[in-house]
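Written below as structure tokens is the structure these notes are about.
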Amino acid sequence: MFLTPGLVLFAFVFLAAIVELFATSFTDWAIGRDISFVGLKNYIELLTTDKGFPTSVKNTLVWILLQSTFHVFIGVSVALILAKKKWYSNSVRVIYFIPNVISSAAIGMLFTCMMNPQFGLVNKLIEKITGDPFTQNWFMSPDTAFGTVTATWLPYAGLVTILVMAEMSSIPEEVFEAAKIDGATSFQSDIYIVLPLMRNIIGTSTILAATSMLQKLDIIMMTTSGGPGYRTMNMPMYLYQTVFSNNNYGLANAQGVLLILLGVLCLVIIRKLYRMDED
Amino acid sequence: MAKKILAKTGVFILLAIIVIISLVPIIWVFGASFKTNGEILSGSLSLTGPLSINNYVNAFRLAPLVAFYKNSVVVSIVATCLNLIVCSMAAYIVVRCQFKLKPVITLVFSLGLIIPSAALLQPLYTTLTSTHLYNTLTGLILVYAALGMPTTFYVMVSYIQTIPYTLEEAAYIDGASFGRTFFQIVLPITRPAFATAAVMEFLLAWNEFQFALTLTGDTTKRTLPIALYYFKSAFATDYGAMFAATIVVIIPSIIVFILLQKQVISGLAAGSVKG
């Protein structure tokens, strides 16, 4: 009885949508056309003749790879530093997390303003330093668009830092004392004692970092909309365009299925890499 | 010794960069939101010129920010209450009762973790249009309450597990019913976990963009993050107002987080360690 409200909510929002997603991914369904079963046609089209989907997958994969390596590395490094409990540790941790608590739409807006070719802070600073006018259009020029979009999320690893620090506080103090007595420097004890104990939480952080790249729609919409060309197109943005610009629902839902499968694949691979199924 | 100084400098630079990239964009936009369009375009970095709140007046005039604000407050608060009640009841059952389908229930409540929300764009649109909940706050509330299910569920489960059963036993011996025990004995004890889950769910609903954009159609039903999208597409030349609108949207999230940082941090830890 107590479970009913939860199950109803789940069925209404998730279950119905997931069933529809899988079922209609095998149909030809677009605005102004009757829905009809076409088997694997949508999937074949996406993987062979579609002009934007392969690029969106490639970009998404590159971002997943960057996020699960550099992003996690930055977050873990900051956690190891802040765990040394200096006077500034808690303030830095809180400040570092602020970008994670504000709406990503707002992050997109902040970066659009910061990187604006005319009045953005970045170009203005470069002008101040070099003394020459500088009008790089970071988000819209093909050479810098990908890197600039990456910069809106790659360094913001506050979540990783908080998760690792929370787990570190569960290591008993004696472990560090023993290491110290044995003559280990704090760097050595970080590398040989702390990191191995953190394997599970770093794995979890990596999963969160990787799968977050499958949801980055808001920032892309607020900055580049996937352009120039398909330079910063990712899977959610392409799916959004397929639904709301092309009104091709069958094709969009096949992309949705592939998006879920990619998420599961990330989960399985990262769990294997970090040997998270043991212990 | 030289090595040590080098390491210290490295640490200092890294932390300085972290603080700068986290704060400077916000502070810069905040400062610029009090300048005129001309001052913004000329790119003066100083805060000397006369500061005015004109941009904020303009922002509220250009976009129906008051309506957006009201919607955001209603949606976030109701979604949070609904999410907390539904998930804490389920968490209680999962912790205290033994039944065959328990793994299935746990799976149901964690499934949201592995479904990228973009995948559900079109199906949820269908669900809401076919139930006449498209373009209603109710529709958004239900979706947000469901999106937050995994986090709240895990936060509540891990907390209820730490409550000794003897308390409830005493209540049953005194003749209290199952429901009464839950609402009068268990819920009051779980207040800290409740607070944590509430902050997380509130931030989720307050910040959400994708479904707010696709599941509502007209300005009377939209939430704050969409205001930014408006400014970007419709009033992209009034930079001052755009800056002001950005600040108006992010300030509540930052205040909630600064005031309730303990809850947020412990919530993240509890929610993800299990997942």
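Scheme for the structure tokens: letters A, B, ... for chains in order shown; per-chain residue numbers from 1; ligand numbers from 1 in order shown.
Proximity to A:Thr152 at 8 Å, evaluated using only C-alpha atoms and with sequence-adjacent residues fewer than 2 positions away removed, yields Ile107, Gly108, Phe111, Thr148, Val149, Thr150, Leu154, Pro155 and Tyr156 of chain A.
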Could you list, as a ChimeraX atom specification, the residues of chain A having an atom within 7 Å of chain B when counting only C-alpha atoms? /A:2-3,5-6,9-10,13,17,20-21,92,95-96,98-99,101-103,105-106,110,114,118-119,124,162-163,166,201,214-215,218,222,236,243,249,256-257,259-260,263-264
Per-residue DSSP, stretch 133-182 of chain A, filtered to alpha helix (DSSP H), as a ChimeraX atom specification: /A:145-151,158-168,173-181
Write out as a ChimeraX atom specification the residues lying within 9 Å of B:Thr216, counting only C-alpha atoms and excluding same-chain residues fewer than 5 positions away. /B:134-137,139-140,211,221-222
Tell me, in Å to one decimal, how far atom CA of B:Asn37 is from atom CA of A:Phe139.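 Taking atom CA of B:Asn37 and atom CA of A:Phe139, their separation equals 21.5 Å.
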Mind giving me the straight-line distance from atom CA of A:Gly147 to atom CA of B:Ser33 in Å, one decimal? 27.1 Å
May I have the residues within 8 Å of A:Asn42 as a ChimeraX atom specification, using only C-alpha atoms and disregarding those fewer than 4 positions away in the same chain? /A:25-28,38,46,250-251,254
Selection file, N, CA, C and O atoms, as a short mmCIF file (atom, residue, chain, number, x, y, z; two decimals), in the first residue's frame:
```cif
data_model
loop_
_atom_site.label_atom_id
_atom_site.label_comp_id
_atom_site.auth_asym_id
_atom_site.auth_seq_id
_atom_site.Cartn_x
_atom_site.Cartn_y
_atom_site.Cartn_z
N SER A 25 10.51 3.14 -31.76
CA SER A 25 11.79 3.26 -32.45
C SER A 25 11.84 2.31 -33.66
O SER A 25 12.70 2.45 -34.52
N PHE A 26 10.89 1.37 -33.72
CA PHE A 26 10.81 0.45 -34.86
C PHE A 26 9.74 0.88 -35.85
O PHE A 26 9.31 0.10 -36.68
N THR A 27 9.27 2.13 -35.73
CA THR A 27 8.20 2.56 -36.62
C THR A 27 8.62 3.78 -37.42
O THR A 27 9.53 4.50 -37.04
N ASP A 28 7.90 3.97 -38.52
CA ASP A 28 8.04 5.21 -39.27
C ASP A 28 6.93 6.12 -38.75
O ASP A 28 5.75 5.86 -38.93
N VAL A 38 8.36 -0.48 -39.26
CA VAL A 38 9.37 -0.61 -40.31
C VAL A 38 10.59 -1.42 -39.86
O VAL A 38 11.63 -1.38 -40.51
N LEU A 46 20.18 5.69 -39.27
CA LEU A 46 21.04 6.46 -38.37
C LEU A 46 22.50 6.10 -38.54
O LEU A 46 23.38 6.95 -38.58
N GLY A 250 9.83 8.69 -34.95
CA GLY A 250 10.39 7.34 -34.99
C GLY A 250 11.91 7.38 -34.96
O GLY A 250 12.56 6.70 -34.17
N LEU A 251 12.46 8.24 -35.79
CA LEU A 251 13.92 8.37 -35.88
C LEU A 251 14.50 8.89 -34.56
O LEU A 251 15.53 8.42 -34.09
N ALA A 254 14.56 6.11 -31.94
CA ALA A 254 15.66 5.17 -32.16
C ALA A 254 16.94 5.75 -31.57
O ALA A 254 17.75 5.04 -30.96
#
```
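Among the candidates A:Leu208, A:Val94, A:Ile181, A:Val57, the one nearest to B:Leu260 when counting only C-alpha atoms is A:Val94.
With only C-alpha atoms as the basis for measurement, A:Leu159 is the residue among A:Thr211, A:Met221, A:Asn246, A:Leu159 that approaches A:Ile74 most closely.
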What is the distance, in Å and to one decimal place, between atom CA of A:Leu15 and atom CA of A:Ser205?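 For atom CA of A:Leu15 relative to atom CA of A:Ser205, the distance reads 26.8 Å.
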